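Asker: Structure incoming, see below.
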Amino acid sequence: MSESKETTVQVTVDDDVVEWFRTEAGDDYRDRMREVLRAHIEAQRDRPDGIGAGLRINHVALKVADLETATRFYENVFGFRQVKTGRSRGHISRHLTDGYVDLALMLYDSEDGPEAKLVGPGPAIHHFGVAVADRRAVLDRIRANGGEIPSDPNSGTVKFRAPDGTIAEIADPDRYEKMKGAAG
């Protein structure tokens with residue numbers, strides 16, 4: 001016979017969310033909030049192979065024509081701050097953050113380089129990155145669903161091409177967190 005144990009979890013909810021539930025559910029808004037949260041947790045538990053658990057977009061890479069102009073733009077308009085600049089695979093990458101997302105500005109040495117060609121000539125959104133806990137399982141799902149893996153599956157980030165041609169990458173959950181932490 002198994003015993004059911006209820007765990008109490010304390011959650012902080014923004015005032016506007018509480019107000020919305022009050023408006024929608026009236027006096028029993030707290031019960032309605034608990035109901036919604038429980039349903040969400042159950043839906044995540046029921047997903048096959050843990051799909052969705054811990055996944056989030058944490059990185060966007062832009063192919064740019066002028067690194068300094070692009071840097072100033074994202075700093076001045078959105079308040080991003082520089083984290084790291086480095087060179088790899090035929091381009092300079094400058095990483096910026098807003099505290100949540102890693103924004104990589106990439107200036108390629110040549111439009112003829114293999115990575116530059118992935119999205120065509122000129123400035124463009126190059127790819128986005130998704131943090132994943134189980135890289136091997138996600139790579140298997142990408143392949144099983146018609147995606148291709150054009151990069152080394154054992155590298156720090158693994159690029160993939162979705163069936164529609166979109167380029168994206170998967171990375172360990174803390175890849176960009178470590179970079180943000182180093183920036184202070």
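We label chains A, B, ... in the order they appear in the structure tokens, count residues from 1 in each chain, and number ligands from 1 in the order shown.
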Excluding segment 77-80 of chain A and residues on its chain fewer than 4 positions from it, collect all residues at most 9 Å away from it, counting only C-alpha atoms, and give them as a PyMOL selection string.
Answerer: chain A and resi 71-73+96-99+103
Asker: Selected residues, N, CA, C and O atoms, written as an mmCIF file, in the first residue's frame, please.
Answerer:
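Generated output (again_1.cif):
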data_model
loop_
_atom_site.group_PDB
_atom_site.id
_atom_site.type_symbol
_atom_site.label_atom_id
_atom_site.label_comp_id
_atom_site.auth_asym_id
_atom_site.auth_seq_id
_atom_site.Cartn_x
_atom_site.Cartn_y
_atom_site.Cartn_z
ATOM 1 N N THR A 71 27.451 46.086 -31.712
ATOM 2 C CA THR A 71 27.651 46.082 -30.256
ATOM 3 C C THR A 71 27.047 47.330 -29.627
ATOM 4 O O THR A 71 26.276 47.243 -28.662
ATOM 5 N N ARG A 72 27.387 48.487 -30.164
ATOM 6 C CA ARG A 72 26.848 49.744 -29.619
ATOM 7 C C ARG A 72 25.326 49.761 -29.671
ATOM 8 O O ARG A 72 24.660 50.226 -28.744
ATOM 9 N N PHE A 73 24.756 49.270 -30.761
ATOM 10 C CA PHE A 73 23.311 49.250 -30.904
ATOM 11 C C PHE A 73 22.659 48.468 -29.763
ATOM 12 O O PHE A 73 21.762 48.968 -29.082
ATOM 13 N N LEU A 96 27.221 39.150 -25.583
ATOM 14 C CA LEU A 96 26.635 40.163 -24.720
ATOM 15 C C LEU A 96 25.516 39.484 -23.931
ATOM 16 O O LEU A 96 25.025 38.429 -24.335
ATOM 17 N N THR A 97 25.089 40.113 -22.840
ATOM 18 C CA THR A 97 23.968 39.556 -22.096
ATOM 19 C C THR A 97 23.111 40.668 -21.521
ATOM 20 O O THR A 97 23.601 41.773 -21.277
ATOM 21 N N ASP A 98 21.857 40.330 -21.320
ATOM 22 C CA ASP A 98 20.945 41.213 -20.596
ATOM 23 C C ASP A 98 20.704 40.649 -19.198
ATOM 24 O O ASP A 98 19.866 41.118 -18.465
ATOM 25 N N GLY A 99 21.455 39.625 -18.848
ATOM 26 C CA GLY A 99 21.289 38.937 -17.574
ATOM 27 C C GLY A 99 20.534 37.634 -17.711
ATOM 28 O O GLY A 99 20.527 36.808 -16.806
ATOM 29 N N LEU A 103 23.601 36.893 -26.173
ATOM 30 C CA LEU A 103 23.473 37.386 -27.539
ATOM 31 C C LEU A 103 24.868 37.388 -28.143
ATOM 32 O O LEU A 103 25.754 38.098 -27.662
#
Asker: So how far away is atom CA of Gln82 of chain A from atom CA of Asn154 of chain A, in Å?
Answerer: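 It comes out at 27.3 Å.
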Asker: Using atom CA of Leu107 of chain A and atom CA of Ala131 of chain A as the two end points, give the distance in Å to one decimal.
Answerer: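 Going from atom CA of Leu107 of chain A over to atom CA of Ala131 of chain A, I get 23.6 Å.
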Asker: Please provide as a PyMOL selection string all residues within 9 Å of Asp134 of chain A, with the sequence filter that same-chain residues fewer than 4 positions apart are discarded (counting only C-alpha atoms).
Answerer: chain A and resi 138-139+172
Asker: Counting only C-alpha atoms, figure out which residue out of A:Val64, A:Gly26, A:Asp112, A:Pro150 gets nearest to Ile125 of chain A.
Answerer: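 The answer is A:Val64, which sits nearest to Ile125 of chain A.
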Asker: Tell me, as a count of residues only, which residues lie within 10 Å of Leu118 of chain A, counting only C-alpha atoms; anything in the same chain fewer than 5 positions away does not count.
Answerer: 10
Asker: Find the spatial neighbours of Ala162 of chain A, counting only C-alpha atoms, within a cut-off of 9 Å - ignore same-chain residues fewer than 6 positions away - and output them as JSON, numbers by chain.
Answerer: {"A": [142, 145, 146, 147, 148, 168]}
Asker: How would you write, as a list in words, the set of residues in segment 147-182 of chain A that DSSP gives as strand (DSSP E)?
Answerer: Thr157, Val158, Lys159, Phe160, Arg161, Ile167, Ala168, Glu169, Ile170 and Ala171 of chain A
Asker: Could you please write out, as a PyMOL selection string, every residue of segment 83-169 of chain A that DSSP assigns to helix (DSSP H, G or I)?
Answerer: chain A and resi 114-117+135-144
Asker: Store the residues picked out above in a file with N, CA and C atoms, as a PDB file, in the first residue's frame.
Answerer:
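Written file, selection_19.pdb:
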ATOM      1  N   PRO A 114      32.288  27.775 -44.176  1.00  0.00           N
ATOM      2  CA  PRO A 114      31.180  26.818 -43.995  1.00  0.00           C
ATOM      3  C   PRO A 114      30.087  27.316 -43.045  1.00  0.00           C
ATOM      4  N   GLU A 115      30.457  27.894 -41.903  1.00  0.00           N
ATOM      5  CA  GLU A 115      29.446  28.380 -40.964  1.00  0.00           C
ATOM      6  C   GLU A 115      28.731  29.613 -41.491  1.00  0.00           C
ATOM      7  N   ALA A 116      29.463  30.501 -42.163  1.00  0.00           N
ATOM      8  CA  ALA A 116      28.846  31.711 -42.722  1.00  0.00           C
ATOM      9  C   ALA A 116      27.790  31.338 -43.754  1.00  0.00           C
ATOM     10  N   LYS A 117      28.061  30.293 -44.515  1.00  0.00           N
ATOM     11  CA  LYS A 117      27.147  29.857 -45.577  1.00  0.00           C
ATOM     12  C   LYS A 117      25.860  29.218 -45.049  1.00  0.00           C
ATOM     13  N   ARG A 135      21.963  15.813 -23.638  1.00  0.00           N
ATOM     14  CA  ARG A 135      22.342  16.077 -25.023  1.00  0.00           C
ATOM     15  C   ARG A 135      22.087  14.870 -25.928  1.00  0.00           C
ATOM     16  N   ARG A 136      22.508  13.689 -25.520  1.00  0.00           N
ATOM     17  CA  ARG A 136      22.357  12.489 -26.368  1.00  0.00           C
ATOM     18  C   ARG A 136      20.891  12.217 -26.705  1.00  0.00           C
ATOM     19  N   ALA A 137      20.017  12.320 -25.708  1.00  0.00           N
ATOM     20  CA  ALA A 137      18.596  12.064 -25.939  1.00  0.00           C
ATOM     21  C   ALA A 137      18.020  13.083 -26.914  1.00  0.00           C
ATOM     22  N   VAL A 138      18.424  14.344 -26.781  1.00  0.00           N
ATOM     23  CA  VAL A 138      17.910  15.385 -27.681  1.00  0.00           C
ATOM     24  C   VAL A 138      18.445  15.174 -29.096  1.00  0.00           C
ATOM     25  N   LEU A 139      19.721  14.816 -29.230  1.00  0.00           N
ATOM     26  CA  LEU A 139      20.276  14.529 -30.563  1.00  0.00           C
ATOM     27  C   LEU A 139      19.515  13.384 -31.225  1.00  0.00           C
ATOM     28  N   ASP A 140      19.195  12.345 -30.454  1.00  0.00           N
ATOM     29  CA  ASP A 140      18.426  11.220 -30.999  1.00  0.00           C
ATOM     30  C   ASP A 140      17.047  11.686 -31.464  1.00  0.00           C
ATOM     31  N   ARG A 141      16.386  12.578 -30.682  1.00  0.00           N
ATOM     32  CA  ARG A 141      15.062  13.075 -31.075  1.00  0.00           C
ATOM     33  C   ARG A 141      15.151  13.967 -32.302  1.00  0.00           C
ATOM     34  N   ILE A 142      16.225  14.752 -32.406  1.00  0.00           N
ATOM     35  CA  ILE A 142      16.404  15.603 -33.591  1.00  0.00           C
ATOM     36  C   ILE A 142      16.482  14.723 -34.831  1.00  0.00           C
ATOM     37  N   ARG A 143      17.333  13.714 -34.786  1.00  0.00           N
ATOM     38  CA  ARG A 143      17.488  12.802 -35.939  1.00  0.00           C
ATOM     39  C   ARG A 143      16.188  12.061 -36.241  1.00  0.00           C
ATOM     40  N   ALA A 144      15.514  11.562 -35.206  1.00  0.00           N
ATOM     41  CA  ALA A 144      14.284  10.789 -35.382  1.00  0.00           C
ATOM     42  C   ALA A 144      13.166  11.635 -35.982  1.00  0.00           C
TER      43      ALA A 144
END
Asker: Hey, which of A:Asp152, A:Asp28, A:Glu68, A:Asp174 ends up closest to Val101 of chain A? Count only C-alpha atoms.
Answerer: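 Under the stated criterion, the closest residue is A:Asp174.
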Asker: I need the residue nearest Ser88 of chain A from this list: A:Val132, A:Met106, A:Ala124, A:Ile170. Use only C-alpha atoms for the distance.
Answerer: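 Closest residue, counting only C-alpha atoms: A:Met106.
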Asker: Which distance in Å separates atom CA of Tyr108 of chain A and atom CA of Ala61 of chain A, to one decimal?
Answerer: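 Computing the Euclidean distance for atom CA of Tyr108 of chain A and atom CA of Ala61 of chain A yields 12.3 Å.
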